[in-house]
Structures are given as C-alpha cells and as structure tokens.
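Containing mmCIF, C-alpha atoms: model.cif.
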```
data_structure
loop_
_atom_site.group_PDB
_atom_site.id
_atom_site.type_symbol
_atom_site.label_atom_id
_atom_site.label_comp_id
_atom_site.auth_asym_id
_atom_site.auth_seq_id
_atom_site.Cartn_x
_atom_site.Cartn_y
_atom_site.Cartn_z
ATOM 1 C CA SER A 1 117.570 122.372 174.781
ATOM 2 C CA ALA A 2 118.091 122.361 178.559
ATOM 3 C CA SER A 3 116.980 125.971 178.993
ATOM 4 C CA ASN A 4 114.058 125.661 176.555
ATOM 5 C CA THR A 5 112.526 123.005 178.816
ATOM 6 C CA SER A 6 112.511 125.466 181.716
ATOM 7 C CA TRP A 7 111.090 128.237 179.540
ATOM 8 C CA ALA A 8 108.321 125.831 178.508
ATOM 9 C CA VAL A 9 107.421 125.283 182.180
ATOM 10 C CA MET A 10 107.049 129.054 182.591
ATOM 11 C CA TRP A 11 104.949 129.389 179.436
ATOM 12 C CA LEU A 12 102.567 126.731 180.723
ATOM 13 C CA ALA A 13 102.470 127.760 184.399
ATOM 14 C CA MET A 14 102.312 131.561 184.249
ATOM 15 C CA PRO A 15 98.896 131.859 182.524
ATOM 16 C CA VAL A 16 97.437 129.691 185.303
ATOM 17 C CA LEU A 17 99.066 131.782 188.040
ATOM 18 C CA LEU A 18 97.899 135.029 186.417
ATOM 19 C CA LEU A 19 94.247 133.965 186.418
ATOM 20 C CA ASN A 20 93.793 135.175 190.004
ATOM 21 C CA CYS A 21 96.159 138.157 189.788
ATOM 22 C CA LYS A 22 94.942 141.718 190.115
ATOM 23 C CA ILE A 23 97.047 143.752 187.683
ATOM 24 C CA GLU A 24 97.799 147.335 188.728
ATOM 25 C CA MET A 25 98.995 149.816 186.084
ATOM 26 C CA THR A 26 101.896 151.969 187.249
ATOM 27 C CA LEU A 27 104.714 153.815 185.526
ATOM 28 C CA ILE A 28 106.874 150.706 185.699
ATOM 29 C CA HIS A 29 104.133 148.595 184.089
ATOM 30 C CA VAL A 30 103.676 151.179 181.314
ATOM 31 C CA LEU A 31 107.408 151.239 180.610
ATOM 32 C CA GLY A 32 107.396 147.445 180.553
ATOM 33 C CA LEU A 33 104.568 147.432 177.995
ATOM 34 C CA LEU A 34 106.499 149.901 175.826
ATOM 35 C CA PHE A 35 109.569 147.669 175.981
ATOM 36 C CA LEU A 36 107.630 144.518 175.077
ATOM 37 C CA SER A 37 105.703 146.303 172.325
ATOM 38 C CA TYR A 38 108.903 147.506 170.690
ATOM 39 C CA ALA A 39 110.447 144.044 170.983
ATOM 40 C CA ALA A 40 107.374 142.600 169.240
ATOM 41 C CA LEU A 41 107.507 145.326 166.578
ATOM 42 C CA SER A 42 111.149 144.493 165.879
ATOM 43 C CA LEU A 43 110.026 141.092 164.564
ATOM 44 C CA LEU A 44 109.256 143.009 161.371
ATOM 45 C CA TRP A 45 113.000 143.237 160.714
ATOM 46 C CA SER A 46 114.129 140.197 162.725
ATOM 47 C CA SER A 47 112.223 137.119 161.676
ATOM 48 C CA HIS A 48 114.160 134.784 164.008
ATOM 49 C CA GLY A 49 113.273 136.433 167.327
ATOM 50 C CA PHE A 50 109.910 134.888 168.220
ATOM 51 C CA LEU A 51 111.415 132.529 170.825
ATOM 52 C CA GLU A 52 113.287 135.380 172.524
ATOM 53 C CA LEU A 53 110.100 137.479 172.563
ATOM 54 C CA MET A 54 108.268 134.592 174.214
ATOM 55 C CA GLN A 55 110.992 134.472 176.869
ATOM 56 C CA LEU A 56 110.529 138.190 177.604
ATOM 57 C CA LEU A 57 106.760 137.685 177.838
ATOM 58 C CA ALA A 58 107.326 134.841 180.307
ATOM 59 C CA LEU A 59 109.496 137.053 182.520
ATOM 60 C CA ALA A 60 106.944 139.875 182.271
ATOM 61 C CA SER A 61 104.277 137.434 183.487
ATOM 62 C CA VAL A 62 106.511 136.424 186.396
ATOM 63 C CA PHE A 63 106.904 140.128 187.245
ATOM 64 C CA VAL A 64 103.123 140.689 187.262
ATOM 65 C CA TRP A 65 102.617 137.626 189.454
ATOM 66 C CA GLY A 66 105.488 138.692 191.736
ATOM 67 C CA CYS A 67 103.760 142.018 192.402
ATOM 68 C CA THR A 68 100.931 140.106 194.090
ATOM 69 C CA LEU A 69 103.248 138.322 196.532
ATOM 70 C CA LYS A 70 103.790 139.691 200.021
ATOM 71 C CA ASP A 71 107.464 138.701 199.874
ATOM 72 C CA LEU A 72 109.699 136.027 198.353
ATOM 73 C CA ARG A 73 110.207 133.868 201.439
ATOM 74 C CA SER A 74 108.112 130.908 200.231
ATOM 75 C CA VAL A 75 109.518 131.193 196.704
ATOM 76 C CA THR A 76 113.054 131.227 198.103
ATOM 77 C CA ILE A 77 112.369 128.006 200.011
ATOM 78 C CA GLY A 78 111.078 126.401 196.816
ATOM 79 C CA LEU A 79 114.098 127.585 194.846
ATOM 80 C CA SER A 80 116.399 126.208 197.531
ATOM 81 C CA LEU A 81 114.733 122.801 197.396
ATOM 82 C CA GLY A 82 115.158 122.770 193.645
ATOM 83 C CA LEU A 83 118.791 123.839 193.925
ATOM 84 C CA ALA A 84 119.362 121.017 196.420
ATOM 85 C CA VAL A 85 118.854 118.513 193.593
ATOM 86 C CA SER A 86 121.654 120.111 191.594
ATOM 87 C CA SER A 87 123.804 120.298 194.724
ATOM 88 C CA VAL A 88 123.600 116.522 195.155
ATOM 89 C CA ILE A 89 124.394 115.958 191.480
ATOM 90 C CA ALA A 90 127.259 118.479 191.581
ATOM 91 C CA THR A 91 128.745 116.667 194.578
ATOM 92 C CA LEU A 92 128.611 113.379 192.662
ATOM 93 C CA GLN A 93 130.196 115.108 189.671
ATOM 94 C CA TYR A 94 133.003 116.337 191.919
ATOM 95 C CA PHE A 95 133.753 112.731 192.863
ATOM 96 C CA GLN A 96 133.674 111.871 189.140
ATOM 97 C CA VAL A 97 130.555 109.731 189.259
ATOM 98 C CA ASP A 98 129.336 109.134 185.695
ATOM 99 C CA LEU A 99 126.118 111.123 185.313
ATOM 100 C CA SER A 100 126.266 111.632 181.559
ATOM 101 C CA ILE A 101 122.687 110.427 181.287
ATOM 102 C CA LEU A 102 121.574 113.498 183.297
ATOM 103 C CA THR A 103 124.153 116.153 182.519
ATOM 104 C CA ALA A 104 126.429 117.276 179.725
ATOM 105 C CA ASP A 105 130.196 116.982 180.052
ATOM 106 C CA LYS A 106 130.702 120.576 181.136
ATOM 107 C CA GLY A 107 132.315 120.110 184.524
ATOM 108 C CA ILE A 108 130.608 120.580 187.883
ATOM 109 C CA SER A 109 127.290 122.167 186.974
ATOM 110 C CA GLY A 110 124.470 120.104 188.485
ATOM 111 C CA LEU A 111 121.482 120.158 186.159
ATOM 112 C CA PHE A 112 122.415 123.572 184.802
ATOM 113 C CA ILE A 113 124.814 122.144 182.171
ATOM 114 C CA ASN A 114 127.060 125.224 182.418
ATOM 115 C CA PRO A 115 129.140 125.835 185.611
ATOM 116 C CA ASN A 116 128.817 129.611 185.198
ATOM 117 C CA ILE A 117 125.018 129.457 185.170
ATOM 118 C CA TYR A 118 125.077 127.116 188.168
ATOM 119 C CA ALA A 119 127.280 129.542 190.094
ATOM 120 C CA GLU A 120 125.112 132.545 189.175
ATOM 121 C CA ILE A 121 121.820 131.047 190.341
ATOM 122 C CA SER A 122 123.523 129.762 193.514
ATOM 123 C CA GLY A 123 124.703 133.302 194.255
ATOM 124 C CA LEU A 124 121.260 134.804 193.691
ATOM 125 C CA ILE A 125 119.556 132.245 195.919
ATOM 126 C CA LEU A 126 122.181 132.782 198.636
ATOM 127 C CA ILE A 127 121.342 136.502 198.697
ATOM 128 C CA LEU A 128 117.619 135.729 199.009
ATOM 129 C CA LEU A 129 118.317 133.245 201.801
ATOM 130 C CA ILE A 130 120.273 135.885 203.709
ATOM 131 C CA ILE A 131 117.494 138.452 203.174
ATOM 132 C CA HIS A 132 114.905 136.089 204.656
ATOM 133 C CA LYS A 133 117.272 134.644 207.269
ATOM 134 C CA LEU A 134 116.753 131.097 206.030
ATOM 135 C CA TRP A 135 120.122 129.943 207.358
ATOM 136 C CA TRP A 136 119.353 126.207 207.235
ATOM 137 C CA PHE A 137 119.108 126.282 203.440
ATOM 138 C CA ILE A 138 122.473 127.982 202.829
ATOM 139 C CA PRO A 139 124.388 124.657 202.427
ATOM 140 C CA VAL A 140 122.505 123.943 199.173
ATOM 141 C CA THR A 141 124.263 126.954 197.593
ATOM 142 C CA ILE A 142 127.789 125.883 198.599
ATOM 143 C CA PRO A 143 128.534 123.459 195.707
ATOM 144 C CA GLY A 144 127.548 126.124 193.186
ATOM 145 C CA LEU A 145 129.586 128.801 194.924
ATOM 146 C CA LEU A 146 132.648 126.537 195.003
ATOM 147 C CA VAL A 147 132.682 126.589 191.198
ATOM 148 C CA SER A 148 132.128 130.336 191.357
ATOM 149 C CA THR A 149 133.132 132.512 188.417
ATOM 150 C CA ARG A 150 134.882 135.889 188.390
ATOM 151 C CA ALA A 151 131.546 137.598 187.679
ATOM 152 C CA VAL A 152 129.930 136.021 190.748
ATOM 153 C CA MET A 153 132.870 137.017 192.959
ATOM 154 C CA ILE A 154 132.775 140.588 191.624
ATOM 155 C CA GLY A 155 129.036 140.667 192.270
ATOM 156 C CA PHE A 156 129.509 139.740 195.920
ATOM 157 C CA ILE A 157 132.350 142.260 196.259
ATOM 158 C CA VAL A 158 130.161 145.057 194.863
ATOM 159 C CA ILE A 159 127.182 144.416 197.148
ATOM 160 C CA SER A 160 129.549 144.015 200.128
ATOM 161 C CA LEU A 161 131.138 147.391 199.367
ATOM 162 C CA ILE A 162 127.709 149.009 199.024
ATOM 163 C CA TRP A 163 126.695 147.578 202.416
ATOM 164 C CA LEU A 164 129.970 148.731 203.941
ATOM 165 C CA TRP A 165 129.567 152.205 202.411
ATOM 166 C CA ASN A 166 126.447 152.721 204.511
ATOM 167 C CA LYS A 167 128.430 151.723 207.616
ATOM 168 C CA SER A 168 131.718 153.507 207.030
ATOM 169 C CA LYS A 169 132.618 155.491 203.930
ATOM 170 C CA LEU A 170 136.254 155.812 205.043
ATOM 171 C CA ILE A 171 136.767 152.059 205.368
ATOM 172 C CA THR A 172 135.002 151.472 202.037
ATOM 173 C CA VAL A 173 137.191 153.977 200.213
ATOM 174 C CA SER A 174 140.276 152.403 201.795
ATOM 175 C CA ILE A 175 139.254 148.921 200.651
ATOM 176 C CA ILE A 176 138.481 150.134 197.125
ATOM 177 C CA GLY A 177 141.869 151.835 196.988
ATOM 178 C CA SER A 178 143.565 148.640 198.166
ATOM 179 C CA LEU A 179 141.714 146.592 195.536
ATOM 180 C CA ILE A 180 142.763 148.996 192.790
ATOM 181 C CA LEU A 181 146.354 148.902 194.003
ATOM 182 C CA ALA A 182 146.347 145.113 194.115
ATOM 183 C CA ALA A 183 144.835 144.941 190.637
ATOM 184 C CA SER A 184 147.660 147.098 189.271
ATOM 185 C CA PHE A 185 150.192 144.450 190.360
ATOM 186 C CA ILE A 186 148.177 141.386 189.396
ATOM 187 C CA ASN A 187 147.224 140.595 185.839
ATOM 188 C CA PHE A 188 143.584 139.514 185.922
ATOM 189 C CA ALA A 189 143.170 139.758 182.169
ATOM 190 C CA THR A 190 142.848 136.226 180.854
ATOM 191 C CA GLY A 191 142.085 134.973 177.384
ATOM 192 C CA SER A 192 138.326 134.939 178.056
ATOM 193 C CA ILE A 193 138.391 138.613 179.093
ATOM 194 C CA TYR A 194 140.229 139.648 175.935
ATOM 195 C CA GLU A 195 137.795 137.526 173.927
ATOM 196 C CA ARG A 196 134.815 139.368 175.416
ATOM 197 C CA LEU A 197 136.405 142.785 174.899
ATOM 198 C CA ASN A 198 137.069 141.952 171.243
ATOM 199 C CA MET A 199 133.491 140.672 170.845
ATOM 200 C CA TRP A 200 132.036 143.858 172.328
ATOM 201 C CA ASN A 201 134.260 145.997 170.133
ATOM 202 C CA ASP A 202 133.161 144.103 167.023
ATOM 203 C CA MET A 203 129.458 144.183 167.856
ATOM 204 C CA SER A 204 129.572 147.948 168.465
ATOM 205 C CA ALA A 205 129.856 148.353 164.685
ATOM 206 C CA GLY A 206 126.368 146.876 164.465
ATOM 207 C CA PHE A 207 124.705 149.372 166.815
ATOM 208 C CA ASN A 208 121.995 151.472 165.179
ATOM 209 C CA VAL A 209 119.085 153.613 166.313
ATOM 210 C CA PHE A 210 116.335 151.040 165.903
ATOM 211 C CA GLY A 211 118.409 147.940 166.627
ATOM 212 C CA ASN A 212 118.766 144.771 164.600
ATOM 213 C CA GLY A 213 115.651 143.159 166.064
ATOM 214 C CA ILE A 214 114.891 140.876 168.977
ATOM 215 C CA GLY A 215 116.896 137.647 168.852
ATOM 216 C CA SER A 216 119.106 138.936 166.035
ATOM 217 C CA PHE A 217 122.497 138.777 167.765
ATOM 218 C CA VAL A 218 123.266 135.176 166.926
ATOM 219 C CA TYR A 219 122.472 135.823 163.244
ATOM 220 C CA LYS A 220 123.812 139.368 162.804
ATOM 221 C CA PHE A 221 127.007 139.276 164.854
ATOM 222 C CA PRO A 222 128.927 137.181 162.254
ATOM 223 C CA ASP A 223 128.569 140.154 159.871
ATOM 224 C CA PHE A 224 130.644 142.289 162.243
ATOM 225 C CA ASN A 225 132.903 139.646 163.770
ATOM 226 C CA LYS A 226 136.621 140.258 163.172
ATOM 227 C CA HIS A 227 138.340 138.575 166.127
ATOM 228 C CA LEU A 228 136.370 135.508 167.205
ATOM 229 C CA ASP A 229 137.281 132.270 165.453
ATOM 230 C CA ALA A 230 133.813 131.052 164.463
ATOM 231 C CA THR A 231 135.167 127.593 163.642
ATOM 232 C CA VAL A 232 136.117 127.124 167.302
ATOM 233 C CA ARG A 233 133.682 129.334 169.242
ATOM 234 C CA PHE A 234 130.027 130.009 168.412
ATOM 235 C CA ALA A 235 128.791 133.349 169.771
ATOM 236 C CA GLU A 236 125.191 132.672 170.799
ATOM 237 C CA TYR A 237 125.192 135.505 173.347
ATOM 238 C CA ALA A 238 127.186 138.721 173.720
ATOM 239 C CA HIS A 239 128.180 137.887 177.340
ATOM 240 C CA ASN A 240 126.828 141.310 178.256
ATOM 241 C CA ASP A 241 123.053 141.599 178.525
ATOM 242 C CA LEU A 242 123.009 145.405 178.267
ATOM 243 C CA LEU A 243 125.090 145.507 175.080
ATOM 244 C CA GLN A 244 123.043 142.702 173.554
ATOM 245 C CA LEU A 245 119.811 144.577 174.296
ATOM 246 C CA ILE A 246 121.213 147.716 172.653
ATOM 247 C CA PHE A 247 122.441 145.689 169.669
ATOM 248 C CA GLU A 248 119.044 144.041 169.187
ATOM 249 C CA LEU A 249 116.591 146.792 170.164
ATOM 250 C CA GLY A 250 118.438 150.123 169.966
ATOM 251 C CA ILE A 251 116.218 152.869 171.397
ATOM 252 C CA GLY A 252 113.690 150.186 172.268
ATOM 253 C CA SER A 253 115.916 149.117 175.169
ATOM 254 C CA LEU A 254 115.529 152.524 176.879
ATOM 255 C CA PRO A 255 112.247 151.697 178.718
ATOM 256 C CA LEU A 256 113.864 148.654 180.339
ATOM 257 C CA ILE A 257 116.978 150.648 181.252
ATOM 258 C CA LEU A 258 114.746 153.301 182.838
ATOM 259 C CA ILE A 259 112.861 150.608 184.790
ATOM 260 C CA VAL A 260 116.147 149.305 186.209
ATOM 261 C CA ALA A 261 117.212 152.853 187.139
ATOM 262 C CA LEU A 262 113.913 153.400 188.992
ATOM 263 C CA LEU A 263 114.202 150.087 190.827
ATOM 264 C CA LEU A 264 117.778 150.827 191.908
ATOM 265 C CA LYS A 265 116.486 153.923 193.710
ATOM 266 C CA VAL A 266 114.382 151.721 195.985
ATOM 267 C CA ASN A 267 116.211 151.191 199.254
ATOM 268 C CA ASN A 268 115.334 147.744 200.527
ATOM 269 C CA GLU A 269 117.194 144.437 200.842
ATOM 270 C CA TYR A 270 115.994 143.061 197.516
ATOM 271 C CA ARG A 271 118.054 145.732 195.786
ATOM 272 C CA ASN A 272 121.203 143.731 196.575
ATOM 273 C CA ALA A 273 119.881 140.846 194.491
ATOM 274 C CA LEU A 274 119.187 143.199 191.568
ATOM 275 C CA ILE A 275 122.674 144.716 191.821
ATOM 276 C CA PHE A 276 124.215 141.243 191.873
ATOM 277 C CA PHE A 277 122.206 140.316 188.764
ATOM 278 C CA ILE A 278 123.340 143.477 186.960
ATOM 279 C CA VAL A 279 127.005 142.785 187.769
ATOM 280 C CA ILE A 280 126.924 139.208 186.472
ATOM 281 C CA GLY A 281 124.977 140.516 183.476
ATOM 282 C CA PHE A 282 127.982 142.609 182.491
ATOM 283 C CA PHE A 283 129.991 139.431 181.947
ATOM 284 C CA GLY A 284 127.389 136.791 181.103
ATOM 285 C CA PHE A 285 123.816 136.382 179.911
ATOM 286 C CA PRO A 286 121.628 135.743 183.014
ATOM 287 C CA LEU A 287 118.652 137.542 181.430
ATOM 288 C CA HIS A 288 118.519 134.799 178.802
ATOM 289 C CA MET A 289 118.624 131.953 181.318
ATOM 290 C CA PRO A 290 115.263 130.816 182.750
ATOM 291 C CA ALA A 291 116.347 130.299 186.376
ATOM 292 C CA THR A 292 118.214 133.596 186.833
ATOM 293 C CA GLY A 293 115.647 135.470 184.736
ATOM 294 C CA PHE A 294 112.813 134.062 186.871
ATOM 295 C CA VAL A 295 114.494 135.175 190.090
ATOM 296 C CA VAL A 296 115.299 138.711 188.920
ATOM 297 C CA ALA A 297 111.733 139.183 187.616
ATOM 298 C CA LEU A 298 110.425 138.398 191.111
ATOM 299 C CA VAL A 299 113.046 140.642 192.726
ATOM 300 C CA ALA A 300 112.083 143.468 190.358
ATOM 301 C CA ALA A 301 108.429 142.992 191.310
ATOM 302 C CA GLN A 302 109.190 143.306 195.014
ATOM 303 C CA LEU A 303 111.242 146.444 194.391
ATOM 304 C CA ALA A 304 108.495 147.887 192.205
ATOM 305 C CA LYS A 305 105.998 147.442 195.049
ATOM 306 C CA SER A 306 108.214 149.597 197.259
ATOM 307 C CA SER A 307 108.845 152.306 194.670
ATOM 308 C CA VAL A 308 107.313 155.749 195.063
ATOM 309 C CA GLY A 309 105.764 155.620 191.604
ATOM 310 C CA TYR A 310 104.014 152.345 192.420
ATOM 311 C CA ARG A 311 102.495 153.685 195.631
ATOM 312 C CA ILE A 312 101.372 156.958 194.017
ATOM 313 C CA ALA A 313 99.668 155.093 191.171
ATOM 314 C CA LEU A 314 97.844 152.768 193.571
ATOM 315 C CA ASN A 315 96.737 155.616 195.826
ATOM 316 C CA ARG A 316 95.467 157.568 192.813
ATOM 317 C CA SER A 317 93.491 154.601 191.470
ATOM 318 C CA ARG A 318 92.002 153.937 194.909
ATOM 319 C CA SER A 319 91.067 157.618 195.303
ATOM 320 C CA VAL A 320 89.291 157.631 191.939
ATOM 321 C CA LEU A 321 87.418 154.439 192.852
ATOM 322 C CA PHE A 322 86.468 155.828 196.280
ATOM 323 C CA ASN A 323 85.177 159.086 194.777
ATOM 324 C CA ARG A 324 83.079 157.183 192.233
ATOM 325 C CA MET A 325 81.577 155.055 195.000
ATOM 326 C CA GLU A 326 80.743 158.145 197.059
ATOM 327 C CA THR A 327 79.137 159.846 194.052
ATOM 328 C CA ALA A 328 77.035 156.781 193.322
ATOM 329 C CA ARG A 329 75.974 156.607 196.937
ATOM 330 C CA TYR A 330 74.675 160.165 197.032
#
```

What do you get writing this file as structure tokens?
Amino acid sequence: SASNTSWAVMWLAMPVLLLNCKIEMTLIHVLGLLFLSYAALSLLWSSHGFLELMQLLALASVFVWGCTLKDLRSVTIGLSLGLAVSSVIATLQYFQVDLSILTADKGISGLFINPNIYAEISGLILILLIIHKLWWFIPVTIPGLLVSTRAVMIGFIVISLIWLWNKSKLITVSIIGSLILAASFINFATGSIYERLNMWNDMSAGFNVFGNGIGSFVYKFPDFNKHLDATVRFAEYAHNDLLQLIFELGIGSLPLILIVALLLKVNNEYRNALIFFIVIGFFGFPLHMPATGFVVALVAAQLAKSSVGYRIALNRSRSVLFNRMETARY
C-alpha cells in the first residue's frame, strides 16, 4: 500500500510532464517499446500482471521525460529535500519515538517502511549528490546509510573499485585479491543469503522460453517452491530483479537486458549510479520500488542521451528534416 501511493503519483504526474516533451526515436527507444509490448502481450497468459505493467509504463514515461532534461541537478535537489523528511523521521525512530501513525514497525526506515529500501534510495541519492557536487545535501543521506544493507555496501565497493581501476589497475587487483582472501576466512553466508540461493534455485525450475507472464512471480513461484516456509515467509519478489524478469518474461526480457548493456558502455558519471542500481538489484527488488525505479529511469535517460546510438539517430533525423526543407525551398 505504501509503494502503490507513490506509483499513483507517477501515473498522475507523468502524462502532464510528457505533454511538452519532444520524443525522439532511437535504438534504445525501439528496444524499450519491444520490451513493453511483450510485457503487455504476456497478459494473455498472466491475468494478474496489469499493475506491474502499469509500473513499467510509469518508468518508461519517466525515461522519456528524463531525456528532455539537461542534467539531473535540479531533480537531485528535489529528491534530497524529500529524503530529508525521512531522515528526520528515521532519527526520531532511532531514539524510539512512537511514530506508528506514520510508519510500520519495521525498524529505522523513515517513510519507506522497509530499512533496505530506505538504504538503497539513500545510496542512489548520495551518488547523484557527489556527481553534481551538492555537498550540503549529503547529511540527508546519512541516516539511511547508517542502516545500510550488505547489497548497498557491495554496491559502493564495486563502483569504488571501478573508479580505482581507472587510476591504478595494480592497486585495484591487489585490493580485490585482499577482499577475496579475507572472504575465505570470514563466513559472510547468513540465513538470508541461503534463503535467497534456495529461492533462486527453486524458481529456476519455472524458467521457460516465453516466461510465465508479467507479474506472475508471486502467483507462480509457490508451484516450484521447495525450501521456503510459506507459512512464515511470503515471497512477493525474487530478491533478484534480473531473475524475476527472466522468470516472468523469458525472451521478452532480452530487449531490456540489451538496453542496460548499451547504457553501460557510456562512459560518464551517471554510469556509477546505474552500476550501483544493478548491484543492489542482484540482492533486492529496486526495479519494483517507485523511488529507486524513478531514479534509475532518469539515470538511464541521461546515459541514453550520451550514447552513440542516440546521437546517430538524432543526427540522421535532423539531416532528413534539413534535406526536406532545402528541397521545399528550391
């Protein structure tokens, strides 16, 4: 119910924002249309996925709008101001102030209900603040980062190693080797990790060429579940966005995977935010959360604007328009 309210805001706001948007068709846009079309088609064999399809359409609208923005500086300031509200609430929660009227009893999570989601959006906004050098807003991310999850920490480690790789490959390799050596002596495998591994192993039996349909995981996974005690834990998400996409859409997930591969080839600072999102997506479900999904859609838009395919498509369309104008003139 908490996330559906945020999705509803996007459903209402995005059509208004798109009214003044000039939509350019590029390879990335075409792949996105293929992905959305297949997701819509899968409703033929997944009658419960309309809400999830609407969420994908909302994020696609955010992407189209994001392509019209010069950068994400103003959006980042707005996100930071919004996060500041949760930071105040999280601080009160830390001091055990009763805020049950505003939040669920899920620990320190601000208005995000779940501490993991709170930590993930705090990490994403921190990266955007660093990109735009908005140092004064960094304190609003601290409460969320203090409840940071393993996925968030791994995400920061990965982007730090990528940054360091460009500075010194020798030092990076040495650090990676040290991390591997340390991991061999320390047991990081907790009950939640084993639970996810068992879930992924069980759901793999449900993989098929065409997928089980958009939004089908929550309904189809019980047919393949062998390890998770459904009386104690309800598996609403696979805690791995990639595997859930493959489970639900099969070959229909390939256009989105190709889009991500193309965006990762773009070498600008926004790529770090996309990499961070991908890492936390291996352990959670940020694509299905409105705040993190909103941010990554905007990040993807900024990366798409810098991609070679985007520039070639725009130059071609402008050349065709220019030639038509010249022909009409003569």

Taking (107.9, 137.2, 200.1) in the file's own coordinates, collect the residues within 12 Å, counting only C-alpha atoms, and hand them back as a ChimeraX atom specification.
/A:65-78,128-129,131-132,269-270,298-299,301-303,305

Residue nearest A:Val218 among A:Glu24, A:Glu52, A:Val266, A:Met14 (counting only C-alpha atoms):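 Among the listed residues, the smallest separation from A:Val218 belongs to A:Glu52.
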
- [ ] Compare A:Phe285, A:Phe276, A:Trp200, A:Phe294 by their minimum atom-to-atom distance to A:Asn114, counting all atoms listed in the file, and give me the closest one.
- [x]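 Smallest distance to A:Asn114 is found for A:Phe285.
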
Could you give me, as CSV, a per-residue list for stretch 139-216 of chain A showing, wherever an atom lies at most 12 Å from an atom of stretch 115-118 of chain A, the closest pair of atoms and their distance in Å to one decimal, using all atoms listed in the file and sorting by chain then residue number from low to high?
```
residue,atom,partner,partner_atom,distance
A:Val140,CA,A:Tyr118,CA,11.7
A:Thr141,CA,A:Tyr118,CA,9.5
A:Ile142,CA,A:Tyr118,CA,10.8
A:Pro143,CA,A:Tyr118,CA,9.1
A:Gly144,CA,A:Tyr118,CA,5.7
A:Leu145,CA,A:Tyr118,CA,8.3
A:Leu146,CA,A:Pro115,CA,10.1
A:Val147,CA,A:Pro115,CA,6.7
A:Ser148,CA,A:Asn116,CA,7.0
A:Thr149,CA,A:Asn116,CA,6.1
A:Arg150,CA,A:Asn116,CA,9.3
A:Ala151,CA,A:Asn116,CA,8.8
A:Val152,CA,A:Asn116,CA,8.6
A:Met153,CA,A:Asn116,CA,11.5
```

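Atom CA of A:Gly213 is found 4.7 Å from atom CA of A:Ser46.
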